[in-house]
Structure formats: structure tokens, C-alpha cells
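Beneath this line is the structure, given in C-alpha cells, with notes to follow.
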Number of protein chains: 2
Amino acid sequence: MSVTFKDVAKLAGVSTQTVSRVTNGADNVSPETRERVNQAISALGYIPNKGAQMLSRGKSKTLGIVSLDIALHGVALIVNGVRQQAHEKGYGAALSIVESNEFDRIKAAIRELASQQVDYIVINVPLTQEMAEQLVEQFTALKFMFIDVPESSKVNYVCAEHTQGAKMAVQHLIDCQRDEYILITGPNASTGSSLRLESWRYELAQHGKKIAASYEGDWEAKSGYLAIRDALARKLAFDAVLVANDQMALGVLCALSELGVSVPDRVSVVGFDNISDSAFFTPPLTTVEQDFLALGQQAVKRLLNSTEQTPHSYCQLILPTRLIARSSTSVKTKQGENAQQILNHLDKARALLQSSVQSR
Amino acid sequence: MSVTFKDVAKLAGVSTQTVSRVTNGADNVSPETRERVNQAISALGYIPNKGAQMLSRGKSKTLGIVSLDIALHGVALIVNGVRQQAHEKGYGAALSIVESNEFDRIKAAIRELASQQVDYIVINVPLTQEMAEQLVEQFTALKFMFIDVPESSKVNYVCAEHTQGAKMAVQHLIDCQRDEYILITGPNASTGSSLRLESWRYELAQHGKKIAASYEGDWEAKSGYLAIRDALARKLAFDAVLVANDQMALGVLCALSELGVSVPDRVSVVGFDNISDSAFFTPPLTTVEQDFLALGQQAVKRLLNSTEQTPHSYCQLILPTRLIARSSTSVKTKQGENAQQILNHLDKARALLQSSVQSR
DNA sequence: GTTACAAATGTTTTCGGTAACATTTGTGTT
DNA sequence: AACACAAATGTTACCGAAAACATTTGTAAC
């Protein structure tokens with residue numbers, strides 16, 4: 001059927017073991033033999049059989065990723081980070097996607113990866129602390145790294161600084177003299193979203209600010225849009241919106257703009273993530289940056305390092321977030337001058353148009 | 001080390017072959033034996049070794065995907081479609097990502113997948129016709145399906161109706177009485193982008209319309225933004241922008257809005273893709289929809305079917321695109337009333353705000 | 001010219017599962 | 001009772017590569 005060592009060996013006039021030595025870069029092969037074997041390999045178009053390699057080597061130099069749907073931008077970036085770092089360390093990456101964080105699905109995905117003899121597993125799915133610990137106990141042959149999982153002293157994890165990031169968002173809005181807040185979270189199952197919500201609530205309470213309403217979204221722009229439409233239909237009073245990601249914030253901006261509510265003046269909006277699009281929203285979105293790529297990279301780096309460390313010491317890394325202030329937030333000005341402001345803005349824009357343009 | 005058939009067989013008091021029969025669901029095993037084996041399997045936490053299975057079975061029931069970076073939204077959706085359909089047909093999916101469409105990288109990726117004994121390969125990377133045909137010739141043991149590759153009678157492919165979609169976009173702008181166009185494409189290497197550009201040019205020429213400028217973007221919002229900043233800085237005259245994807249169109253909208261150019265009145269903008277966000281841009285974006293998910297699904301469906309067909313008949317499927325008209329395009333009104341329009345809009349919006357809100 | 005030893009290469013066994021073939025057991029038929 | 005035959009189970013060989021071990025060859029040392 002396919003070309004194997006035997007064929008290569010026959011053509012090169014050597015034993016299969018010599019072929020193996022060449023492909024694995026052993027040093028005890030004479031240059032001429034090596035050359036002859038390499039020629040035979042390319043002449044026949046030999047491709048190694050990974051199954052056979054796995055079987056005889058026992059290990060696969062592969063890292064498994066269990067992840068949510070990669071259609072979510074942040075998730076895709078994390079997976080990219082993981083793949084990239086794995087590749088850098090000489091590991092392959094096998095990806096298994098689960099549609100929900102149902103425990104059985106996740107276990108099945110892990111088994112699937114384990115059957116491919118992966119040495120390490122990165123879990124990029126929101127899990128409870130208990131679930132994470134249980135997985136580590138059940139699959140003792142595997143080394144785990146969890147991304148964005150609640151703190152636990154018994155598992156490896158890397159996590160973004162959700163709490164601190166959410167706090168900065170609130171602090172910023174308070175600095176903008178905002179008093180009445182609408183909160184829009186991601187799905188409740190998401191750890192990151194929960195942490196942000198908790199932090200928003202705590203900080204707002206600390207400052208005695210009012211929460212006009214709280215909505216659960218699905219990370220998509222539409223859910224942000226619908227939340228604000230609802231809030232406006234119910235004539236809720238609010239002058240600030242805290243949103244758990246940038247895409248939902250886009251929906252928020254759209255709903256506010258449609259109904260003539262000026263942003264940032266009457267209502268200020270803060271997102272989360274700082275996706276590349278958010279600088280180009282109307283108005284450009286104030287948001288909290290988190291580095292998804294680094295999250296994935298660090299997960300792998302720490303996971304591979306963890307082997308070298310003393311046993312029963314776990315990696316617990318928290319990556320920083322930072323506030324990116326743009327035009328969707330501002331200190332309140334007096335009411336009723338929106339129209340004038342727009343005209344002013346327009347004049348200014350026209351002036352700008354005349355002058356030269358500096359790059360962003 | 002790990003639990004194997006031998007361990008299970010010993011615990012269950014049967015031969016390894018019987019264990020194999022149970023795991024493969026053979027019918028000639030007595031219920032009691034089956035039960036005993038299954039208990040042993042779960043008691044020991046047995047996980048099959050895929051490498052060994054591949055080796056002895058010769059085939060892997062796995063489908064390989066060679067794809068561009070999944071951080072691009074459309075790409076991620078295609079990959080999702082492929083995975084989902086593969087899974088439905090009982091196939092696993094192995095993903096190999098290439099950063100560029102450099103031929104050697106792609107070949108390496110295919111070899112990587114071939115070493116995992118995949119039976120089929122879906123190529124989701126823009127290739128020339130020659131490259132595609134060469135791959136099919138070189139890797140005769142594999143069955144290929146190409147996504148978004150130029151027409152060729154010698155390979156399987158599925159493709160979106162780029163040409164027709166681009167034509168509809170132009171037609172729509174012409175209906176809006178637009179005369180001077182700016183074009184913003186994706187990277188030249190992209191087949192889809194090239195087809196759209198070609199179609200735009202052809203259709204505009206057909207109608208005797210002027211192309212004020214043409215820019216090559218990178219699919220990101222920023223490149224659309226910079227293109228328009230440049231066009232305005234150079235004081236180019238234009239009243240329509242054709243953009244090769246929605247994200248770059250976002251950048252276009254942002255640049256126009258910043259400089260006080262009214263959309264859709266003074267300049268109308270049409271995107272491509274209809275990503276879920278585009279309905280929430282300011283203004284909501286007129287765009288050409290393509291169904292990425294279906295593209296991936298059909299690729300797999302046709303690929304698996306192709307085996308059953310007569311040899312040397314190739315699948316050539318083109319999926320429809322359709323125009324989604326939103327508010328970023330309109331027939332021109334008289335100049336000079338922008339400010340008044342905005343005030344009108346504002347009043348209307350305030351009125352809306354008072355009344356009840358209907359859902360989108 | 002032996003001996004000692006390293007470099008180059010070959011032979012055998014193994015990994016874990018499955019296909020092909022072999023054997024045992026039980027049942028119905030004549 | 002002897003036979004045919006199917007169901008249930010066991011035995012052996014094999015997939016492709018690599019580790020462990022074995023052999024040959026060449027060369028330096030005495």
C-alpha cells in the first residue's frame with residue numbers, strides 16, 4: 001500500500017534500522033549512507049507512519065487542546081497561542097472542540113485525546129474548581145493546564161486578571177461621574193464572565209452606585225443590542241453600561257445610536273477584551289484589554305515547565321489586563337446641547353478633512 | 001505503563017481478541033462475556049491506543065484540514081463546518097494550520113496529515129489552479145477537496161459565488177446612482193478577493209463608472225480605515241466604496257464618520273461576508289452574504305461522496321451569495337443638508353425613544 | 001601481527017490492536 | 001449415537017517504526 005521503511009531500505013540497500021537512524025538524525029551513520037537513504041526517501045515519497053511511531057516510542061510529542069467553539073474570536077486567539085507555543089517547543093497539537101461545558105462531553109474529549117497518546121492537555125473551557133480537580137484525579141497519566149478556571153491550589157492554571165480589569169472599568173466610569181449602571185454579562189457558565197460580574201457588583205456597591213439592570217448575553221452583538229432595547233423600552237434610567245465583551249458592546253452602541261442616545265455624553269459604554277475591531281466602532285470603544293494569545297502561550301510554557309518542577313507544586317499564573325480609554329466614555333456635560341455638539345463635531349471634522357491626516 | 005487489552009483481558013478472564021470484539025461491537029460475543037469485559041474496561045479506565053489501531057487497521061477514519069489562521073472569522077466558520085460534517089459522517093478531524101499559502105508549507109502540512117493516515121484532505125487555503133492540480137498528482141493516495149480555489153476541471157472544489165456576489169454589490173450601488181468608486185480588496189493571494197475585484201472592475205467598466213482608487217487590505221478593520229484616510233487626504237472624489245469584507249468596511253465607516261462624511265448619503269459602502277456583527281455597525285452595513293459554514297459542510301459531503309462516484313469525475317460546487325441591503329447604502333439626496341438631516345434624525349430618534357420599541 | 005575498541009550496520013523483539021485462521025462448545029437432525 | 005453446523009472463544013501473524021542487542025569492519029596501540 002504505502003511506502004514504508006522496508007521499501008526505502010531495499011532501494012538504498014541498507015537495513016530498516018539504518019533508515020530509522022537517518023530519519024531520527026542519529027549521528028552514527030556514514031555520510032554516504034545517509035545521503036543514499038535520503039535520496040531513496042524522496043524518490044519514493046516516503047511519509048512516516050505516526051501510528052507506528054507512537055506505538056514503538058510510547059509517547060507522541062503531542063499536546064491536546066480541549067476548547068470551546070473557535071468561532072468566538074477570543075477562543076480562536078487562545079488556541080492560536082497554544083498551537084504556536086507547542087510548535088515552538090517541538091510539540092504537535094491536537095484540537096478537540098466541545099459545544100458545551102457539560103462534564104461528560106469534556107471527559108469524552110479528553111479520552112479522545114488520550115487515545116492519541118498526548119502527553120499534555122490544555123483545557124480551554126470554563127469549568128468549576130471541582131470539575132477541574134476531578135479531572136486531574138481521574139486522568140493521572142495526563143498533565144493538565146486549565147485556562148480561565150476559578151482559583152484552586154490543586155491544579156495548574158493561567159487566567160486573565162478579570163477581577164482587576166472589571167474594577168478598572170468601574171473606576172473609569174466613576175471617574176466619568178456615572179451613577180446608574182446597566183450590566184451585560186456573558187453566559188453564566190463562563191468563569192471569566194462571572195468573575196467580571198462579581199467584581200463590577202462589588203466595586204459599584206463599594207461606591208454606592210446603582211445597578212439599573214443586569215442582562216445575560218451570549219457574547220454576540222445582538223444580545224447587547226437587545227438588552228439596551230429592552231432597557232430603553234422599560235424607560236430605565238442609566239448613564240453607563242458595563243459590557244462583558246466588545247462584540248456585545250457593539251450591539252449596545254448600535255441600539256443607543258438608533259434611538260438617538262448620545263454616547264459617550266448621555267451614556268458611557270465600556271467593553272472587555274479589546275478586539276482589534278473595537279478601535280473602529282462608532283464611537284471607538286473604551287475597553288479592558290486582555291491578551292488572549294499570551295494566555296495560550298503561557299499555558300503551554302508553564303505546562304511544559306511544570307514537569308521539571310518539584311512535584312505537587314502547581315502553576316498559578318494571572319496575566320494582567322489594562323484599560324484602553326477611547327471615546328465611548330467621557331465625563332458628563334450638561335444636558336440638552338447634543339445637537340450643538342454634533343454640529344461642532346461636524347465642523348471640526350470638516351476642518352480636519354482639509355488638513356493633513358496623521359496615521360492612527 | 002498504560003492500560004491495554006492484555007490487562008482488560010486478564011481481569012475479565014478472556015482473550016485479547018474477545019476484548020477487541022467487544023470494543024468493536026462485533027455481534028458474536030455472549031451477553032455475559034460482553035458485560036464482564038465492559039466492566040473490566042471501565043474498572044481499569046482503559047483507553048484505546050489510536051496509534052495501534054491505525055497501524056493494524058491501515059486506515060484511520062480521519063479527515064485532515066489544511067487551513068489558514070483560524071483567527072479570521074470566516075476561516076473559523078469554514079473549519080467548523082468541516083469538523084461538524086466530518087463528525088456526522090463518523091470521521092475525526094485533524095487540523096493543520098499554515099501561516100501563508102507558500103507551496104512548501106502546504107506540502108509539509110499535507111505530509112504531516114498523511115503521516116496520521118488521514119483518508120481525505122480538505123484544503124482551505126487559497127491556491128492557484130496549478131498548485132491544486134499538482135498536489136492531486138503528487139499525493140495520489142489522498143483524496144482532496146479544495147475550498148475557494150479557481151475553477152479547474154481536474155480537482156474537486158467548492159466555492160462561494162464571489163463573482164456573482166460582487167456583481168450584485170456593484171449593481172446595488174449603481175441603483176443608488178453612485179458614480180465614483182473606491183475599491184478595497186483583501187490580500188492579493190486570496191482567490192476570493194481576486195475574484196471579487198475582477199468582478200467589480202468588470203461590472204463597473206460595463207456601466208462606464210469611474211474607479212477613483214483601489215487599495216489592498218489585510219481583512220482587518222484598520223486597513224479599511226487607513227485606505228479611506230488616504231483617499232480623503234488625497235482629496236479623491238468618490239461616492240461609493242466597495243469593500244472585500246465586513247471588518248474592513250467597519251474601518252471604512254469609522255474613517256468616514258471621523259471626518260464627517262455622511263454615510264450613506266454622501267458615500268455609500270458595501271461590504272462582503274455578512275458577519276453577525278455587520279448588522280450592528282453604524283450605520284448597519286449593506287453587504288453580500290456568503291455561508292461559510294455551508295461551504296465547510298458541503299466540502300466534506302462532496303468529498304466523501306466523490307469516492308462512490310465514477311472515477312475521474314470531479315465535484316465542482318458553487319454556493320450562492322446574496323445581497324443584504326441595510327443602511328450603509330442609499331440613493332443620493334441633494335448636497336449640503338447634512339447638518340439639518342442629522343437634526344431631523346435626532347428628533348426622529350427622540351420620538352422613537354418615547355414610543356414603544358419593536359424588536360429587530 | 002595481534003589485541004582493543006569504536007564506528008557503522010544488521011537482527012531480533014516489542015509496542016497495542018486487529019485480521020485471519022483455529023478451536024471448543026452446544027444444538028438440532030437423522 | 002453420530003453428524004453437521006453455528007456460535008463463542010482462543011491462537012497466531014502482522015501492521016511500521018524504534019529500542020535493545022548483535023555483528024562486522026576499520027583503525028590505533030602495543
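Every chain in the C-alpha cells has a letter given in the order shown (A, B, ...), and although residue numbers restart at 1 in each chain, ligands are simply numbered from 1 in the order shown.
Every protein, DNA or RNA residue with an atom at most 8 Å from region 20-22 of chain D, where only C-alpha atoms (C1' of nucleotides) count and chain neighbours fewer than 6 positions away do not, is listed here: DG10, DT11 and DT12 of chain C.
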May I have a table of the residues of chain D lying at most 7 Å from chain B, giving each one's closest pair of atoms and their distance in Å to one decimal, counting only C-alpha atoms (C1' of nucleotides), ordered by chain and ascending residue number, as a tab-separated table?
```
residue	atom	partner	partner_atom	distance
D:DA7	C1'	B:Asn28	CA	6.9
D:DA8	C1'	B:Val29	CA	6.3
D:DG10	C1'	B:Ser15	CA	6.5
D:DC15	C1'	B:Ser56	CA	4.6
```
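For region 78-182 of chain A, a DSSP pass over the backbone yields strand (DSSP E) at Gly92, Ala93, Ala94, Leu95, Ser96, Ile97, Tyr120, Ile121, Val122, Ile123, Asn124, Lys143, Phe144, Met145, Phe146, Ile147, Tyr157, Val158, Cys159, Ala160, Glu180, Tyr181 and Ile182 of chain A.
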Would you mind exporting the chosen residues as a compact mmCIF listing (two decimals), in the first residue's frame, restricted to C-alpha atoms?
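Wrote result.txt, looks like this:
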```
# COMPACT_ATOMS: atom_id res chain seq x y z
CA GLY A 92 2.24 18.87 17.75
CA ALA A 93 -1.23 19.98 18.73
CA ALA A 94 -4.45 18.03 18.55
CA LEU A 95 -7.62 20.03 18.93
CA SER A 96 -10.87 18.70 20.30
CA ILE A 97 -13.84 21.03 20.35
CA TYR A 120 -0.26 17.12 28.00
CA ILE A 121 -3.71 18.60 27.87
CA VAL A 122 -4.75 22.25 27.88
CA ILE A 123 -8.36 22.80 28.86
CA ASN A 124 -9.82 25.98 27.43
CA LYS A 143 -0.72 16.61 32.82
CA PHE A 144 -3.34 19.32 32.73
CA MET A 145 -3.36 23.07 32.34
CA PHE A 146 -6.58 24.99 32.75
CA ILE A 147 -7.32 28.34 31.21
CA TYR A 157 -3.99 27.31 35.62
CA VAL A 158 -3.46 30.56 33.81
CA CYS A 159 -6.08 33.20 33.99
CA ALA A 160 -6.62 36.79 32.91
CA GLU A 180 -26.63 54.42 37.22
CA TYR A 181 -25.35 51.28 35.57
CA ILE A 182 -26.56 48.59 33.25
```
Taking only C-alpha atoms (C1' of nucleotides) into account, which residues of chain C are within 12 Å of chain B, as a PDB file with N, CA, C and O atoms (P, O5', C5', C4', C3', O3' and C1' of nucleotides), in the first residue's frame?
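Result file is part.pdb:
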```pdb
ATOM      1  P    DC C  15       5.978  -5.184  24.884  1.00  0.00           P
ATOM      2  O5'  DC C  15       5.239  -3.922  24.245  1.00  0.00           O
ATOM      3  C5'  DC C  15       5.780  -2.608  24.395  1.00  0.00           C
ATOM      4  C4'  DC C  15       5.119  -1.690  23.406  1.00  0.00           C
ATOM      5  C3'  DC C  15       3.613  -1.890  23.313  1.00  0.00           C
ATOM      6  O3'  DC C  15       2.971  -0.969  24.175  1.00  0.00           O
ATOM      7  C1'  DC C  15       4.650  -1.628  21.146  1.00  0.00           C
ATOM      8  P    DG C  16       1.803  -1.481  25.116  1.00  0.00           P
ATOM      9  O5'  DG C  16       0.579  -1.536  24.102  1.00  0.00           O
ATOM     10  C5'  DG C  16       0.076  -0.313  23.582  1.00  0.00           C
ATOM     11  C4'  DG C  16      -0.990  -0.618  22.561  1.00  0.00           C
ATOM     12  C3'  DG C  16      -2.140  -1.478  23.082  1.00  0.00           C
ATOM     13  O3'  DG C  16      -3.338  -0.930  22.575  1.00  0.00           O
ATOM     14  C1'  DG C  16      -1.229  -2.469  21.160  1.00  0.00           C
ATOM     15  P    DG C  17      -4.730  -1.441  23.124  1.00  0.00           P
ATOM     16  O5'  DG C  17      -5.481  -1.958  21.813  1.00  0.00           O
ATOM     17  C5'  DG C  17      -5.646  -1.094  20.723  1.00  0.00           C
ATOM     18  C4'  DG C  17      -5.545  -1.854  19.419  1.00  0.00           C
ATOM     19  C3'  DG C  17      -6.693  -2.820  19.119  1.00  0.00           C
ATOM     20  O3'  DG C  17      -7.572  -2.193  18.205  1.00  0.00           O
ATOM     21  C1'  DG C  17      -4.538  -3.685  18.464  1.00  0.00           C
ATOM     22  P    DT C  18      -8.930  -2.850  17.775  1.00  0.00           P
ATOM     23  O5'  DT C  18      -8.491  -3.768  16.552  1.00  0.00           O
ATOM     24  C5'  DT C  18      -7.956  -3.150  15.392  1.00  0.00           C
ATOM     25  C4'  DT C  18      -7.633  -4.198  14.357  1.00  0.00           C
ATOM     26  C3'  DT C  18      -8.793  -5.135  14.014  1.00  0.00           C
ATOM     27  O3'  DT C  18      -8.844  -5.230  12.610  1.00  0.00           O
ATOM     28  C1'  DT C  18      -6.886  -6.395  14.576  1.00  0.00           C
ATOM     29  P    DA C  19     -10.148  -5.801  11.927  1.00  0.00           P
ATOM     30  O5'  DA C  19      -9.494  -6.928  10.991  1.00  0.00           O
ATOM     31  C5'  DA C  19      -8.475  -6.552  10.081  1.00  0.00           C
ATOM     32  C4'  DA C  19      -7.830  -7.804   9.515  1.00  0.00           C
ATOM     33  C3'  DA C  19      -8.826  -8.834   9.008  1.00  0.00           C
ATOM     34  O3'  DA C  19      -8.331  -9.379   7.784  1.00  0.00           O
ATOM     35  C1'  DA C  19      -7.471  -9.808  10.700  1.00  0.00           C
ATOM     36  P    DA C  20      -9.212 -10.370   6.947  1.00  0.00           P
ATOM     37  O5'  DA C  20      -8.483 -11.764   7.239  1.00  0.00           O
ATOM     38  C5'  DA C  20      -7.062 -11.829   7.218  1.00  0.00           C
ATOM     39  C4'  DA C  20      -6.616 -13.204   7.653  1.00  0.00           C
ATOM     40  C3'  DA C  20      -7.557 -14.338   7.211  1.00  0.00           C
ATOM     41  O3'  DA C  20      -6.783 -15.428   6.742  1.00  0.00           O
ATOM     42  C1'  DA C  20      -7.282 -14.396   9.559  1.00  0.00           C
TER      43       DA C  20
END
```
- Task: Within region 43-287 of chain A, find each residue whose DSSP state, derived from the backbone, is helix (DSSP H, G or I), and express the selection as a ChimeraX atom specification.
- Result: /A:43-44,50-57,73-88,103-114,129-138,162-175,191-206,221-233,246-258,276-280
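Here the question is which of D:DA6, D:DA18, D:DT12, D:DT23 gets nearest to DA8 (chain C) using only C-alpha atoms (C1' of nucleotides), and that residue is D:DT23.
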- Selection near region 167-178 of chain B, 8 Å with only C-alpha atoms (C1' of nucleotides), sequence-local residues under 5 positions removed, as a PyMOL selection string: chain B and resi 199-200+203-204+239-240+242+268+270+287-288+322-323+329-332
Go ahead and dump the residues you just picked, N, CA and C atoms, as a short mmCIF file (atom, residue, chain, number, x, y, z; two decimals), in the first residue's frame.
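Dumped to selection36.cif:
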```cif
data_model
loop_
_atom_site.label_atom_id
_atom_site.label_comp_id
_atom_site.auth_asym_id
_atom_site.auth_seq_id
_atom_site.Cartn_x
_atom_site.Cartn_y
_atom_site.Cartn_z
N SER B 199 -14.51 41.00 -10.69
CA SER B 199 -15.93 41.21 -11.00
C SER B 199 -16.32 42.68 -10.81
N TRP B 200 -15.86 43.29 -9.73
CA TRP B 200 -16.14 44.72 -9.51
C TRP B 200 -15.69 45.52 -10.73
N GLU B 203 -17.76 44.86 -13.91
CA GLU B 203 -19.11 45.42 -13.87
C GLU B 203 -19.07 46.95 -13.93
N LEU B 204 -18.12 47.53 -13.23
CA LEU B 204 -18.03 49.00 -13.24
C LEU B 204 -17.69 49.48 -14.65
N ASP B 239 -18.04 58.53 -4.26
CA ASP B 239 -19.32 58.49 -3.57
C ASP B 239 -19.75 57.06 -3.25
N ALA B 240 -18.82 56.11 -3.44
CA ALA B 240 -19.13 54.72 -3.10
C ALA B 240 -17.86 53.96 -2.78
N LEU B 242 -16.51 49.95 -2.31
CA LEU B 242 -16.72 48.50 -2.35
C LEU B 242 -15.63 47.85 -1.52
N SER B 268 -21.72 55.82 -0.05
CA SER B 268 -22.35 54.55 0.30
C SER B 268 -21.28 53.46 0.36
N VAL B 270 -20.48 49.18 0.72
CA VAL B 270 -20.95 47.79 0.68
C VAL B 270 -19.81 46.87 1.10
N THR B 287 -24.27 44.46 2.70
CA THR B 287 -23.18 43.54 2.44
C THR B 287 -23.66 42.36 1.61
N VAL B 288 -22.72 41.53 1.19
CA VAL B 288 -23.06 40.34 0.40
C VAL B 288 -22.83 39.12 1.28
N ARG B 322 -25.78 36.33 -1.49
CA ARG B 322 -26.92 37.22 -1.74
C ARG B 322 -26.72 38.58 -1.07
N LEU B 323 -27.31 39.57 -1.67
CA LEU B 323 -27.14 40.93 -1.18
C LEU B 323 -28.05 41.17 0.02
N THR B 329 -26.08 52.09 2.48
CA THR B 329 -26.25 52.47 1.08
C THR B 329 -27.60 53.15 0.90
N SER B 330 -27.65 54.13 0.01
CA SER B 330 -28.92 54.79 -0.30
C SER B 330 -28.77 55.58 -1.59
N VAL B 331 -29.90 55.94 -2.15
CA VAL B 331 -29.87 56.83 -3.30
C VAL B 331 -29.41 58.19 -2.81
N LYS B 332 -28.64 58.90 -3.64
CA LYS B 332 -28.12 60.20 -3.25
C LYS B 332 -29.26 61.22 -3.07
#
```
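Look at Val263 (chain B): the protein and nucleic acid residues within 8 Å of it, using only C-alpha atoms (C1' of nucleotides) and passing over chain neighbours fewer than 6 places away, are Leu253, Leu256, Ser257, Val269, Pro283, Ser328 and Thr329 of chain B.
Excluding Ala12 (chain B) and any residue on its chain fewer than 5 positions from it, the residues at most 12 Å away by only C-alpha atoms (C1' of nucleotides) are Phe5, Lys6, Asp7, Thr18, Val19, Val22, Glu32, Thr33, Arg34, Glu35, Arg36, Val37, Asn38, Gln39, Ala40, Ile41, Ser42, Ala43 and Leu44 of chain B.
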- Selection: 9 Å around Ser313 (chain B), only C-alpha atoms (C1' of nucleotides), excl. self and same-chain fewer than 6 positions, as an MDAnalysis selection string: chainID B and resid 153:156 306
Take the residues just selected and output them with C-alpha atoms as an mmCIF file, in the first residue's frame.
```
data_model
loop_
_atom_site.group_PDB
_atom_site.id
_atom_site.type_symbol
_atom_site.label_atom_id
_atom_site.label_comp_id
_atom_site.auth_asym_id
_atom_site.auth_seq_id
_atom_site.Cartn_x
_atom_site.Cartn_y
_atom_site.Cartn_z
ATOM 1 C CA SER B 153 -11.819 20.615 -14.218
ATOM 2 C CA LYS B 154 -9.183 18.394 -12.665
ATOM 3 C CA VAL B 155 -9.854 18.829 -8.944
ATOM 4 C CA ASN B 156 -12.748 18.738 -6.509
ATOM 5 C CA SER B 306 -16.801 11.504 -4.520
#
```
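Of the residues listed (B:Ala109, B:Ala189, B:Leu195, B:Ile47), B:Ile47 shows the shortest atom-to-atom separation from chain A; distances use only C-alpha atoms.
The space between CA of Gln164 (chain A) and CA of Gln85 (chain A) spans 26.4 Å.
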- Spatial neighbours of DC30 (chain D), 10 Å, only C-alpha atoms (C1' of nucleotides), chain gap at least 2 places, as a list in words: DT2 and DT3 of chain C; DA28 of chain D
Just write the chosen residues, C-alpha atoms (C1' of nucleotides), as an mmCIF file, in the first residue's frame.
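The result, written out as again-v2.cif:
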```cif
data_model
loop_
_atom_site.group_PDB
_atom_site.id
_atom_site.type_symbol
_atom_site.label_atom_id
_atom_site.label_comp_id
_atom_site.auth_asym_id
_atom_site.auth_seq_id
_atom_site.Cartn_x
_atom_site.Cartn_y
_atom_site.Cartn_z
ATOM 1 C "C1'" DT C 2 47.641 -9.439 17.437
ATOM 2 C "C1'" DT C 3 44.645 -7.099 20.507
ATOM 3 C "C1'" DA D 28 45.130 2.754 16.509
#
```
